[in-house]
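Here's run.csv, which has CSV, C-alpha atoms:
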```
chain,number,residue,atom,x,y,z
A,1494,MET,CA,76.5,-52.3,113.8
A,1495,TYR,CA,78.6,-51.4,116.8
A,1496,GLY,CA,78.0,-51.7,120.5
A,1497,LEU,CA,79.4,-50.0,123.6
A,1498,CYS,CA,79.3,-51.7,127.0
A,1499,ASP,CA,79.8,-49.2,129.8
A,1500,CYS,CA,79.9,-50.3,133.5
A,1501,ASN,CA,77.6,-48.2,135.6
A,1502,ASN,CA,79.4,-46.1,138.3
A,1503,PHE,CA,82.2,-48.7,138.0
A,1504,TYR,CA,84.3,-48.1,141.1
A,1505,ALA,CA,81.3,-47.7,143.3
A,1506,SER,CA,79.7,-50.8,141.8
A,1507,CYS,CA,82.9,-52.9,142.5
A,1508,GLU,CA,82.6,-51.9,146.2
A,1509,ARG,CA,79.0,-52.9,146.2
A,1510,VAL,CA,79.6,-56.4,144.8
A,1511,PHE,CA,81.4,-57.4,148.0
A,1512,ASN,CA,79.2,-55.4,150.4
A,1513,PRO,CA,75.5,-55.8,149.4
A,1514,SER,CA,74.5,-53.5,152.3
A,1515,LEU,CA,75.7,-50.6,150.2
A,1516,GLU,CA,72.8,-51.0,147.7
A,1517,GLY,CA,70.6,-47.9,147.8
A,1518,ARG,CA,73.1,-46.0,149.9
A,1519,PRO,CA,75.2,-43.2,148.6
A,1520,VAL,CA,78.8,-44.3,147.8
A,1521,ILE,CA,81.9,-42.3,146.8
A,1522,VAL,CA,85.4,-43.4,145.9
A,1523,LEU,CA,88.4,-41.1,146.5
A,1524,SER,CA,91.5,-40.4,144.5
A,1525,ASN,CA,95.1,-41.2,145.7
A,1526,ASN,CA,95.7,-40.0,149.2
A,1527,ASP,CA,92.0,-39.6,149.7
A,1528,GLY,CA,92.1,-36.2,148.0
A,1529,CYS,CA,89.0,-35.8,145.9
A,1530,VAL,CA,86.0,-37.7,144.6
A,1531,ILE,CA,86.6,-39.8,141.4
A,1532,ALA,CA,83.5,-42.0,141.4
A,1533,ARG,CA,79.9,-41.6,142.7
A,1534,SER,CA,76.9,-43.8,142.9
A,1535,ASN,CA,73.6,-42.4,141.6
A,1536,GLU,CA,72.5,-41.7,145.2
A,1537,ALA,CA,75.7,-39.7,145.8
A,1538,LYS,CA,75.1,-37.7,142.6
A,1539,ARG,CA,71.6,-36.8,143.7
A,1540,LEU,CA,73.1,-35.4,146.9
A,1541,GLY,CA,74.9,-32.9,144.7
A,1542,ILE,CA,78.4,-34.4,145.2
A,1543,LYS,CA,80.5,-33.4,142.2
A,1544,MET,CA,83.2,-35.2,140.4
A,1545,GLY,CA,86.6,-34.0,141.5
A,1546,GLN,CA,85.2,-32.3,144.7
A,1547,PRO,CA,87.8,-32.2,147.5
A,1548,TYR,CA,87.0,-34.7,150.3
A,1549,TYR,CA,87.5,-32.2,153.1
A,1550,GLN,CA,84.6,-30.1,151.7
A,1551,LEU,CA,82.2,-33.1,152.1
A,1552,ARG,CA,82.8,-34.2,155.6
A,1553,LYS,CA,79.6,-32.7,157.1
A,1554,LEU,CA,77.5,-34.0,154.2
A,1555,ILE,CA,79.0,-37.4,154.5
A,1556,ARG,CA,78.2,-37.7,158.2
A,1557,ARG,CA,74.7,-36.3,157.8
A,1558,GLU,CA,73.7,-38.5,154.8
A,1559,ALA,CA,75.6,-41.6,155.9
A,1560,VAL,CA,77.6,-41.6,152.7
A,1561,ALA,CA,79.9,-44.7,152.3
A,1562,VAL,CA,83.5,-43.6,151.6
A,1563,PHE,CA,86.2,-45.7,150.0
A,1564,SER,CA,89.8,-45.1,149.1
A,1565,ALA,CA,90.6,-46.1,145.5
A,1566,ASN,CA,91.3,-49.8,145.3
A,1567,PHE,CA,92.8,-50.0,141.8
A,1568,THR,CA,93.9,-53.6,142.3
A,1569,LEU,CA,90.3,-54.7,142.8
A,1570,TYR,CA,88.9,-52.5,140.1
A,1571,GLY,CA,91.5,-53.7,137.6
A,1572,ASP,CA,90.7,-57.4,138.3
A,1573,MET,CA,86.9,-56.8,138.0
A,1574,SER,CA,87.5,-55.0,134.7
A,1575,ARG,CA,89.4,-58.0,133.3
A,1576,ARG,CA,86.5,-60.3,134.3
A,1577,VAL,CA,84.0,-58.1,132.5
A,1578,MET,CA,86.2,-57.8,129.3
A,1579,SER,CA,86.7,-61.6,129.4
A,1580,LEU,CA,83.0,-62.2,129.3
A,1581,LEU,CA,82.6,-59.7,126.4
A,1582,ARG,CA,85.3,-61.4,124.4
A,1583,LYS,CA,83.5,-64.7,124.7
A,1584,SER,CA,80.2,-63.3,123.5
A,1585,VAL,CA,81.0,-61.1,120.5
A,1586,PRO,CA,83.3,-61.4,117.5
A,1587,ALA,CA,85.8,-58.6,118.7
A,1588,ILE,CA,86.0,-55.9,121.2
A,1589,GLU,CA,88.1,-52.7,121.7
A,1590,VAL,CA,88.9,-52.0,125.4
A,1591,TYR,CA,88.3,-48.2,125.5
A,1592,SER,CA,88.9,-47.7,129.2
A,1593,ILE,CA,88.8,-49.6,132.5
A,1594,ASP,CA,85.0,-49.7,132.4
A,1595,GLU,CA,84.1,-49.3,128.7
A,1596,ALA,CA,84.5,-51.5,125.6
A,1597,PHE,CA,83.3,-51.1,122.0
A,1598,LEU,CA,81.8,-54.2,120.4
A,1599,ASP,CA,82.2,-55.3,116.8
A,1600,LEU,CA,78.7,-56.5,115.8
A,1601,THR,CA,79.0,-56.1,112.1
A,1602,SER,CA,78.7,-59.9,111.5
A,1603,VAL,CA,75.8,-60.4,113.9
A,1604,ASP,CA,72.3,-60.8,112.4
A,1605,GLU,CA,70.5,-57.5,113.1
A,1606,GLY,CA,67.4,-59.4,114.0
A,1607,ARG,CA,69.0,-60.7,117.2
A,1608,LEU,CA,71.0,-57.6,118.2
A,1609,ASP,CA,68.5,-56.4,120.8
A,1610,GLU,CA,68.3,-59.8,122.4
A,1611,LEU,CA,72.2,-60.1,122.4
A,1612,GLY,CA,72.5,-56.7,124.1
A,1613,HIS,CA,70.1,-57.7,126.9
A,1614,GLU,CA,71.8,-61.1,127.3
A,1615,LEU,CA,75.2,-59.4,127.6
A,1616,ALA,CA,73.9,-57.1,130.4
A,1617,ARG,CA,72.3,-60.1,132.2
A,1618,THR,CA,75.4,-62.3,131.9
A,1619,ILE,CA,77.8,-59.7,133.1
A,1620,ARG,CA,75.6,-58.8,136.1
A,1621,ARG,CA,75.1,-62.5,136.9
A,1622,HIS,CA,78.8,-63.5,136.7
A,1623,THR,CA,80.5,-60.3,138.1
A,1624,GLY,CA,77.8,-58.4,139.9
A,1625,ILE,CA,78.6,-55.3,137.9
A,1626,PRO,CA,75.6,-53.5,136.2
A,1627,VAL,CA,76.3,-52.4,132.7
A,1628,SER,CA,74.6,-50.3,130.0
A,1629,VAL,CA,74.9,-51.6,126.4
A,1630,GLY,CA,74.3,-49.3,123.5
A,1631,ILE,CA,73.9,-50.6,120.0
A,1632,ALA,CA,73.8,-48.4,116.9
A,1633,PRO,CA,75.2,-48.1,113.3
A,1634,THR,CA,78.3,-46.2,114.4
A,1635,LYS,CA,80.6,-46.0,117.5
A,1636,THR,CA,79.5,-42.4,118.2
A,1637,LEU,CA,75.8,-43.3,118.1
A,1638,ALA,CA,76.5,-46.4,120.2
A,1639,LYS,CA,78.0,-44.0,122.9
A,1640,ILE,CA,74.8,-42.0,122.9
A,1641,ALA,CA,72.7,-45.1,123.1
A,1642,SER,CA,74.7,-46.3,126.1
A,1643,LYS,CA,74.1,-43.0,127.9
A,1644,LEU,CA,70.3,-43.3,127.2
A,1645,CYS,CA,70.4,-46.7,128.7
A,1646,LYS,CA,71.7,-45.3,131.9
A,1647,GLN,CA,69.1,-42.5,132.0
A,1648,TYR,CA,66.2,-44.9,131.4
A,1649,PRO,CA,66.2,-48.0,133.7
A,1650,LYS,CA,63.2,-49.4,131.9
A,1651,LEU,CA,65.5,-50.3,129.0
A,1652,ASN,CA,66.9,-53.1,131.2
A,1653,GLY,CA,70.5,-52.7,130.3
A,1654,CYS,CA,70.4,-52.3,126.5
A,1655,CYS,CA,69.4,-49.6,124.1
A,1656,TYR,CA,69.2,-50.7,120.5
A,1657,MET,CA,69.0,-47.5,118.4
A,1658,HIS,CA,68.8,-48.3,114.7
A,1659,ARG,CA,65.7,-46.8,113.1
A,1660,PRO,CA,66.4,-43.4,111.4
A,1661,GLU,CA,63.3,-41.8,113.0
A,1662,ASP,CA,64.4,-43.0,116.5
A,1663,ILE,CA,67.9,-41.7,115.9
A,1664,GLU,CA,66.6,-38.3,114.8
A,1665,LYS,CA,64.3,-38.1,117.8
A,1666,VAL,CA,67.2,-38.8,120.2
A,1667,LEU,CA,69.7,-36.4,118.5
A,1668,ARG,CA,67.2,-33.5,118.6
A,1669,ARG,CA,67.3,-33.6,122.4
A,1670,PHE,CA,71.0,-34.6,122.9
A,1671,PRO,CA,73.2,-31.7,124.0
A,1672,ILE,CA,76.1,-31.1,121.6
A,1673,GLY,CA,78.5,-30.8,124.6
A,1674,ASP,CA,77.8,-34.4,125.6
A,1675,VAL,CA,78.7,-36.0,122.2
A,1676,TRP,CA,81.7,-38.2,122.3
A,1677,GLY,CA,84.7,-36.2,121.1
A,1678,VAL,CA,83.3,-32.8,121.5
A,1679,GLY,CA,85.6,-31.0,124.0
A,1680,ARG,CA,85.0,-27.6,125.6
A,1681,ARG,CA,86.6,-25.6,122.8
A,1682,TRP,CA,84.5,-27.2,120.1
A,1683,ALA,CA,81.4,-27.0,122.2
A,1684,GLN,CA,81.9,-23.2,122.6
A,1685,LEU,CA,82.5,-22.8,118.9
A,1686,LEU,CA,79.4,-24.8,117.9
A,1687,GLU,CA,77.2,-23.0,120.5
A,1688,LYS,CA,78.3,-19.6,119.2
A,1689,ASN,CA,77.1,-20.7,115.8
A,1690,GLY,CA,73.7,-21.8,117.0
A,1691,VAL,CA,74.4,-25.5,117.4
A,1692,ARG,CA,72.7,-26.7,120.6
A,1693,THR,CA,72.1,-30.3,120.0
A,1694,ALA,CA,73.6,-33.2,118.1
A,1695,TRP,CA,70.9,-32.9,115.5
A,1696,ASP,CA,71.8,-29.3,114.9
A,1697,PHE,CA,75.4,-30.4,114.2
A,1698,THR,CA,74.3,-32.9,111.6
A,1699,GLN,CA,72.5,-30.2,109.7
A,1700,LEU,CA,75.6,-28.1,109.3
A,1701,PRO,CA,77.1,-28.0,105.8
A,1702,GLN,CA,79.9,-30.5,105.3
A,1703,ALA,CA,82.3,-27.8,104.0
A,1704,TRP,CA,81.7,-25.7,107.2
A,1705,VAL,CA,82.6,-28.7,109.4
A,1706,ARG,CA,85.7,-29.5,107.4
A,1707,GLN,CA,86.9,-25.9,107.4
A,1708,ARG,CA,86.5,-25.3,111.2
A,1709,MET,CA,86.8,-28.7,112.7
A,1710,HIS,CA,89.0,-30.5,110.2
A,1711,VAL,CA,89.1,-34.3,109.6
A,1712,VAL,CA,88.3,-35.2,113.2
A,1713,GLY,CA,85.2,-33.1,113.3
A,1714,LEU,CA,84.1,-34.3,109.9
A,1715,ARG,CA,84.3,-37.9,111.1
A,1716,MET,CA,82.1,-37.1,114.1
A,1717,TRP,CA,79.6,-35.3,111.8
A,1718,SER,CA,79.4,-38.4,109.5
A,1719,GLU,CA,79.1,-40.8,112.4
A,1720,LEU,CA,76.2,-38.9,113.8
A,1721,ARG,CA,74.6,-39.1,110.4
A,1722,GLY,CA,74.9,-42.9,110.5
A,1723,GLU,CA,78.0,-43.3,108.4
A,1724,PRO,CA,80.7,-45.4,110.1
A,1725,CYS,CA,84.0,-43.6,110.0
A,1726,ILE,CA,85.8,-44.8,113.2
A,1727,GLY,CA,86.6,-48.5,113.1
A,1728,LEU,CA,87.4,-50.9,115.9
A,1729,GLU,CA,90.9,-50.7,117.3
A,1730,GLN,CA,91.6,-54.1,118.8
A,1731,HIS,CA,95.3,-53.2,119.5
A,1732,PRO,CA,95.5,-49.9,121.4
A,1733,ALA,CA,97.8,-47.3,119.8
A,1734,ASP,CA,101.0,-46.4,121.6
A,1735,LYS,CA,100.7,-43.4,123.9
A,1736,LYS,CA,101.9,-40.0,122.6
A,1737,GLN,CA,102.7,-38.9,126.1
A,1738,ILE,CA,103.3,-40.7,129.4
A,1739,ALA,CA,102.7,-38.9,132.7
A,1740,THR,CA,103.1,-39.9,136.3
A,1741,THR,CA,101.8,-37.4,138.8
A,1742,ARG,CA,100.8,-37.7,142.4
A,1743,THR,CA,99.3,-35.6,145.2
A,1744,PHE,CA,101.2,-36.2,148.4
A,1745,ASP,CA,99.8,-37.4,151.7
A,1746,ARG,CA,101.1,-34.2,153.3
A,1747,ASP,CA,102.8,-31.0,152.4
A,1748,ILE,CA,106.6,-31.4,151.7
A,1749,ASP,CA,109.2,-28.7,152.0
A,1750,ASP,CA,112.3,-30.9,152.0
A,1751,PHE,CA,114.2,-31.1,148.7
A,1752,GLU,CA,115.6,-34.6,149.3
A,1753,GLU,CA,112.1,-36.1,149.8
A,1754,LEU,CA,110.9,-34.4,146.6
A,1755,HIS,CA,114.0,-35.7,144.9
A,1756,ARG,CA,113.1,-39.3,145.9
A,1757,ARG,CA,109.5,-38.9,144.8
A,1758,ILE,CA,110.5,-37.5,141.4
A,1759,ALA,CA,112.9,-40.4,140.9
A,1760,GLN,CA,110.1,-42.8,141.7
A,1761,TYR,CA,107.8,-41.2,139.2
A,1762,VAL,CA,110.5,-41.4,136.6
A,1763,ALA,CA,110.8,-45.1,137.2
A,1764,VAL,CA,107.1,-45.7,136.8
A,1765,ALA,CA,106.9,-43.6,133.6
A,1766,ALA,CA,110.0,-45.2,132.1
A,1767,GLU,CA,108.7,-48.7,132.7
A,1768,LYS,CA,105.5,-47.8,130.7
A,1769,LEU,CA,107.7,-46.3,128.0
A,1770,ARG,CA,109.7,-49.5,127.6
A,1771,GLY,CA,106.5,-51.5,127.7
A,1772,GLN,CA,105.4,-49.9,124.4
A,1773,HIS,CA,108.9,-50.2,123.0
A,1774,SER,CA,109.3,-46.4,122.7
A,1775,ILE,CA,111.9,-43.8,123.6
A,1776,CYS,CA,111.3,-40.2,124.6
A,1777,GLY,CA,112.9,-37.0,123.4
A,1778,GLU,CA,111.5,-34.6,126.1
A,1779,ILE,CA,111.0,-34.7,129.8
A,1780,HIS,CA,108.9,-32.3,131.8
A,1781,VAL,CA,108.9,-31.9,135.6
A,1782,PHE,CA,106.5,-29.8,137.7
A,1783,ILE,CA,105.9,-29.1,141.4
A,1784,LEU,CA,103.1,-27.0,143.0
A,1785,THR,CA,101.9,-26.1,146.5
A,1786,ASN,CA,98.5,-26.8,148.1
A,1787,ARG,CA,96.1,-24.4,146.4
A,1788,HIS,CA,93.4,-25.2,149.1
A,1789,LYS,CA,95.6,-23.5,151.8
A,1790,GLU,CA,95.0,-19.9,150.8
A,1791,ASN,CA,96.8,-18.7,153.9
A,1792,MET,CA,100.1,-20.3,152.7
A,1793,PRO,CA,102.4,-18.9,150.0
A,1794,GLN,CA,101.6,-20.4,146.6
A,1795,TYR,CA,104.1,-21.5,144.0
A,1796,TYR,CA,103.9,-23.5,140.7
A,1797,GLU,CA,106.8,-24.1,138.4
A,1798,ASN,CA,107.7,-26.5,135.7
A,1799,GLN,CA,110.6,-27.1,133.4
A,1800,LEU,CA,110.9,-28.9,130.0
A,1801,LEU,CA,114.1,-30.4,128.7
A,1802,LYS,CA,114.7,-31.6,125.2
A,1803,LEU,CA,117.0,-34.6,125.5
A,1804,PRO,CA,120.3,-34.5,123.6
A,1805,VAL,CA,119.7,-38.2,122.8
A,1806,PRO,CA,116.2,-39.9,123.1
A,1807,THR,CA,116.2,-42.7,125.6
A,1808,ASP,CA,114.1,-45.2,127.6
A,1809,SER,CA,116.7,-45.7,130.4
A,1810,THR,CA,115.5,-45.0,133.9
A,1811,LEU,CA,119.0,-44.0,134.9
A,1812,GLU,CA,119.3,-41.3,132.3
A,1813,LEU,CA,115.8,-40.0,132.7
A,1814,THR,CA,116.2,-39.8,136.5
A,1815,GLU,CA,119.4,-37.8,136.1
A,1816,HIS,CA,117.7,-35.3,133.8
A,1817,ALA,CA,114.6,-35.1,136.0
A,1818,VAL,CA,116.5,-34.3,139.1
A,1819,ARG,CA,118.5,-31.6,137.3
A,1820,LEU,CA,115.2,-30.0,136.3
A,1821,LEU,CA,113.9,-30.3,139.9
A,1822,ARG,CA,116.9,-28.4,141.2
A,1823,GLN,CA,116.2,-25.6,138.8
A,1824,ILE,CA,112.5,-25.2,139.9
A,1825,PHE,CA,112.7,-26.0,143.6
A,1826,ARG,CA,112.4,-23.0,145.9
A,1827,PRO,CA,113.0,-23.2,149.7
A,1828,GLY,CA,110.3,-21.9,152.0
A,1829,TYR,CA,107.3,-23.5,150.1
A,1830,ALA,CA,105.3,-26.5,151.1
A,1831,TYR,CA,104.6,-28.6,148.1
A,1832,LYS,CA,101.5,-30.8,147.7
A,1833,ARG,CA,101.8,-32.2,144.2
A,1834,ALA,CA,104.5,-33.1,141.6
A,1835,GLY,CA,104.8,-35.0,138.4
A,1836,VAL,CA,107.0,-36.2,135.5
A,1837,ILE,CA,105.8,-36.2,131.9
A,1838,LEU,CA,107.6,-37.9,129.0
A,1839,SER,CA,106.8,-36.6,125.5
A,1840,ASP,CA,108.1,-36.6,122.0
A,1841,LEU,CA,107.7,-40.4,122.0
A,1842,ARG,CA,108.9,-42.4,119.1
A,1843,SER,CA,109.5,-46.1,118.2
A,1844,LYS,CA,112.7,-47.5,119.6
A,1845,SER,CA,113.2,-49.7,116.5
A,1846,GLY,CA,113.8,-46.5,114.4
A,1847,MET,CA,116.2,-45.0,116.9
A,1848,GLN,CA,119.2,-43.3,115.2
A,1849,THR,CA,122.4,-43.6,117.2
A,1850,VAL,CA,124.7,-40.7,117.9
A,1851,LEU,CA,128.4,-41.1,117.2
A,1852,PHE,CA,129.6,-39.1,120.2
A,1853,ASP,CA,127.1,-40.3,122.8
A,1854,ALA,CA,129.0,-41.2,126.0
A,1855,THR,CA,126.3,-43.5,127.2
A,1856,ASP,CA,126.7,-47.2,126.7
A,1857,CYS,CA,123.3,-47.9,125.3
A,1858,ALA,CA,123.8,-51.7,125.1
A,1859,LYS,CA,124.5,-51.9,128.8
A,1860,HIS,CA,121.6,-49.7,129.7
A,1861,ASP,CA,119.2,-51.8,127.6
A,1862,SER,CA,120.5,-55.0,129.2
A,1863,LEU,CA,120.1,-53.6,132.7
A,1864,MET,CA,116.6,-52.2,132.1
A,1865,LYS,CA,115.4,-55.5,130.6
A,1866,THR,CA,116.7,-57.3,133.7
A,1867,VAL,CA,115.1,-54.8,136.1
A,1868,ASP,CA,111.7,-55.0,134.2
A,1869,ALA,CA,111.8,-58.8,134.2
A,1870,LEU,CA,112.5,-59.0,138.0
A,1871,ASN,CA,109.8,-56.5,138.8
A,1872,ASN,CA,107.3,-58.4,136.6
A,1873,ARG,CA,108.1,-61.6,138.4
A,1874,PHE,CA,108.4,-60.5,142.0
A,1875,GLY,CA,106.2,-57.4,142.1
A,1876,HIS,CA,106.4,-53.8,140.8
A,1877,HIS,CA,109.3,-51.7,142.0
A,1878,ARG,CA,111.1,-54.5,143.9
A,1879,ILE,CA,114.2,-53.3,142.0
A,1880,GLY,CA,114.8,-49.6,141.6
A,1881,THR,CA,117.5,-46.9,141.6
A,1882,ALA,CA,119.1,-45.6,144.9
A,1883,ALA,CA,117.5,-42.2,144.1
A,1884,GLU,CA,114.1,-43.7,144.7
A,1885,GLY,CA,115.0,-44.6,148.3
A,1886,PHE,CA,114.3,-47.9,150.0
A,1887,GLU,CA,110.9,-47.4,151.7
A,1888,PRO,CA,107.6,-46.9,149.8
A,1889,PHE,CA,106.0,-43.5,150.3
A,1890,LYS,CA,103.1,-43.5,152.6
A,1891,MET,CA,99.7,-42.8,151.1
A,1892,ASN,CA,96.5,-41.7,152.9
A,1893,ARG,CA,94.2,-44.7,152.2
A,1894,ASN,CA,92.1,-44.6,155.4
A,1895,HIS,CA,89.0,-46.1,153.7
A,1896,LEU,CA,90.5,-48.9,151.7
A,1897,SER,CA,88.5,-52.1,151.1
A,1898,GLN,CA,90.0,-55.5,150.7
A,1899,ARG,CA,91.6,-57.0,147.6
A,1900,TYR,CA,88.9,-59.6,147.6
A,1901,THR,CA,89.8,-61.2,144.2
A,1902,THR,CA,93.6,-61.0,144.1
A,1903,ASP,CA,94.9,-61.8,147.6
A,1904,TRP,CA,94.2,-65.2,149.3
A,1905,LEU,CA,94.6,-63.5,152.7
A,1906,GLN,CA,91.9,-61.0,151.9
A,1907,ILE,CA,89.4,-63.2,150.1
A,1908,ILE,CA,85.8,-62.7,151.2
A,1909,LYS,CA,84.6,-64.9,154.1
A,1910,VAL,CA,81.2,-66.5,154.1
A,1911,LYS,CA,79.6,-67.2,157.4
A,1912,SER,CA,77.3,-70.3,157.6
```
Could you write out this file's structure as structure tokens?
Amino acid sequence: MYGLCDCNNFYASCERVFNPSLEGRPVIVLSNNDGCVIARSNEAKRLGIKMGQPYYQLRKLIRREAVAVFSANFTLYGDMSRRVMSLLRKSVPAIEVYSIDEAFLDLTSVDEGRLDELGHELARTIRRHTGIPVSVGIAPTKTLAKIASKLCKQYPKLNGCCYMHRPEDIEKVLRRFPIGDVWGVGRRWAQLLEKNGVRTAWDFTQLPQAWVRQRMHVVGLRMWSELRGEPCIGLEQHPADKKQIATTRTFDRDIDDFEELHRRIAQYVAVAAEKLRGQHSICGEIHVFILTNRHKENMPQYYENQLLKLPVPTDSTLELTEHAVRLLRQIFRPGYAYKRAGVILSDLRSKSGMQTVLFDATDCAKHDSLMKTVDALNNRFGHHRIGTAAEGFEPFKMNRNHLSQRYTTDWLQIIKVKS
């Protein structure tokens, strides 16, 4: 048996933990620079607020319905996530942290007679110790556990846990579960399946195995088997290395100055390169893009990107910054006001298998030593305390006009209790 513990409306729930007056009130959390909605409470969803909806479109609704608005406080959310995951690790044999607010649970060695009790106990314990409401789904496979967790959110009477194990119960659920909501079914596959008369998860399980293999290959076949109760996707306790690393940002204002864009791109390279070294990888390609504000239809619009295949794969911030700035020069056009930019590192491979190039002018040993020192200092004294001159010396301003306190990670912002 497998479980999935999913924190309900996680970012909004984190804000409510330290402000109980928000209970029952619509709450939304905004992206970087207060751009668009990235989290909603159930009350906000009922008002029709959509995920990804621009903040400026909601101002009238927010005032009329007294919606509580928060800037993304990732420091707080990350710490609350670590607390939830720590409780899970103490309660079950093993977990796979799937995202900041989700974790799969290995329950294969737990007596099936106590799984339902265990699921409810997990939900109570996490709520009691962190204040975060969770939905625990338990089923024979990870895909079915995902569905059970969604059911738990839809039906509050389940009290935090849905134990879905009897074949007749699974069939009943799958007959009503939309195929587009199944874990792993993207838009392209959903369209393919619906064109072939597949509307529900149950319809999918009734397709011939050969049809699934031919059109959806091994990944689709695993999903098909999982929905039929056959475990095919095991627990990954050590997350796989990323195939691509991206750092993209929306600016706090429109930018038309090349030098400022230059500094921002250099900063994004530094962030991506640090992550690259963190998983002991090197990259063979770098991709830079810039675009204007599409919401300002009266302004000239421009989007451009450029990809470079590196002559020698690297993880050096110095080399990657040089390549990225060269790409930026190629795509920058005067006369446009840019709102967003990003750097994407791809063609990632293990550094341990790196093959040296005889005529490479770069002193790789010196670069490695320098990058290790920079990373060590930043880990000790705070991110980006040491950087390249291209990044500038002042952090870029972000619009975070609705930021809550770092209640759990800063002694100066710890919550105060009045007697």
Problem set entry | Contact residues around range 1624-1639 of chain A with only C-alpha atoms at 6 Å, ignoring same-chain residues under 4 positions, as a PyMOL selection string | chain A and resi 1494-1501+1510+1616+1620+1645+1653-1658+1719+1722+1724
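Of the listed residues (A:Gly1673, A:Ala1883, A:Val1603, A:Tyr1570), A:Gly1673 comes nearest to Glu1687 in chain A; the distances count all atoms listed in the file.
Of the listed residues A:Arg1575, A:Arg1787, A:His1780, A:Arg1680, the one whose atoms come nearest to Thr1901 in chain A is A:Arg1575, with distances taken using only C-alpha atoms.
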Exercise. What is the CA of Phe1597 in chain A-CA of Pro1660 in chain A distance in Å, reported with one decimal?
Worked result: 21.4 Å
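Counting all atoms listed in the file, range 1520-1530 of chain A has the following residues at most 7 Å away, ignoring those fewer than 3 positions along the same chain: Tyr1504, Ala1505, Arg1533, Ser1534, Ala1537, Met1544, Gly1545, Gln1546, Pro1547, Tyr1548, Val1560, Ala1561, Val1562, Phe1563, Ser1564, Ala1565, Thr1743, Phe1744, Asp1745, Met1891, Asn1892 and Arg1893 of chain A.
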Where atoms are absent from range 1573-1584 of chain A, fill them in so it carries N, CA, C and O atoms, then output it as an mmCIF file, keeping the file's coordinate frame.
```
data_model
loop_
_atom_site.group_PDB
_atom_site.id
_atom_site.type_symbol
_atom_site.label_atom_id
_atom_site.label_comp_id
_atom_site.auth_asym_id
_atom_site.auth_seq_id
_atom_site.Cartn_x
_atom_site.Cartn_y
_atom_site.Cartn_z
ATOM 1 N N MET A 1573 88.352 -56.714 138.414
ATOM 2 C CA MET A 1573 86.900 -56.800 138.000
ATOM 3 C C MET A 1573 86.767 -56.375 136.560
ATOM 4 O O MET A 1573 85.943 -56.947 135.834
ATOM 5 N N SER A 1574 87.546 -55.395 136.123
ATOM 6 C CA SER A 1574 87.500 -55.000 134.700
ATOM 7 C C SER A 1574 87.907 -56.132 133.803
ATOM 8 O O SER A 1574 87.271 -56.389 132.775
ATOM 9 N N ARG A 1575 88.986 -56.839 134.173
ATOM 10 C CA ARG A 1575 89.400 -58.000 133.300
ATOM 11 C C ARG A 1575 88.349 -59.045 133.251
ATOM 12 O O ARG A 1575 88.180 -59.680 132.199
ATOM 13 N N ARG A 1576 87.599 -59.248 134.308
ATOM 14 C CA ARG A 1576 86.500 -60.300 134.300
ATOM 15 C C ARG A 1576 85.408 -59.836 133.335
ATOM 16 O O ARG A 1576 84.879 -60.658 132.580
ATOM 17 N N VAL A 1577 85.052 -58.543 133.380
ATOM 18 C CA VAL A 1577 84.000 -58.100 132.500
ATOM 19 C C VAL A 1577 84.456 -58.186 131.020
ATOM 20 O O VAL A 1577 83.704 -58.669 130.158
ATOM 21 N N MET A 1578 85.688 -57.753 130.727
ATOM 22 C CA MET A 1578 86.200 -57.800 129.300
ATOM 23 C C MET A 1578 86.304 -59.245 128.848
ATOM 24 O O MET A 1578 86.069 -59.526 127.670
ATOM 25 N N SER A 1579 86.649 -60.165 129.737
ATOM 26 C CA SER A 1579 86.700 -61.600 129.400
ATOM 27 C C SER A 1579 85.380 -62.111 128.917
ATOM 28 O O SER A 1579 85.270 -62.851 127.924
ATOM 29 N N LEU A 1580 84.324 -61.743 129.640
ATOM 30 C CA LEU A 1580 83.000 -62.200 129.300
ATOM 31 C C LEU A 1580 82.561 -61.590 127.921
ATOM 32 O O LEU A 1580 81.926 -62.264 127.107
ATOM 33 N N LEU A 1581 82.935 -60.332 127.671
ATOM 34 C CA LEU A 1581 82.600 -59.700 126.400
ATOM 35 C C LEU A 1581 83.302 -60.416 125.232
ATOM 36 O O LEU A 1581 82.707 -60.661 124.179
ATOM 37 N N ARG A 1582 84.571 -60.755 125.429
ATOM 38 C CA ARG A 1582 85.300 -61.400 124.400
ATOM 39 C C ARG A 1582 84.723 -62.778 124.004
ATOM 40 O O ARG A 1582 84.806 -63.212 122.852
ATOM 41 N N LYS A 1583 84.131 -63.442 124.975
ATOM 42 C CA LYS A 1583 83.500 -64.700 124.700
ATOM 43 C C LYS A 1583 82.167 -64.618 124.004
ATOM 44 O O LYS A 1583 81.672 -65.603 123.464
ATOM 45 N N SER A 1584 81.591 -63.416 124.010
ATOM 46 C CA SER A 1584 80.200 -63.300 123.500
ATOM 47 C C SER A 1584 80.068 -62.580 122.194
ATOM 48 O O SER A 1584 79.032 -62.718 121.547
#
```
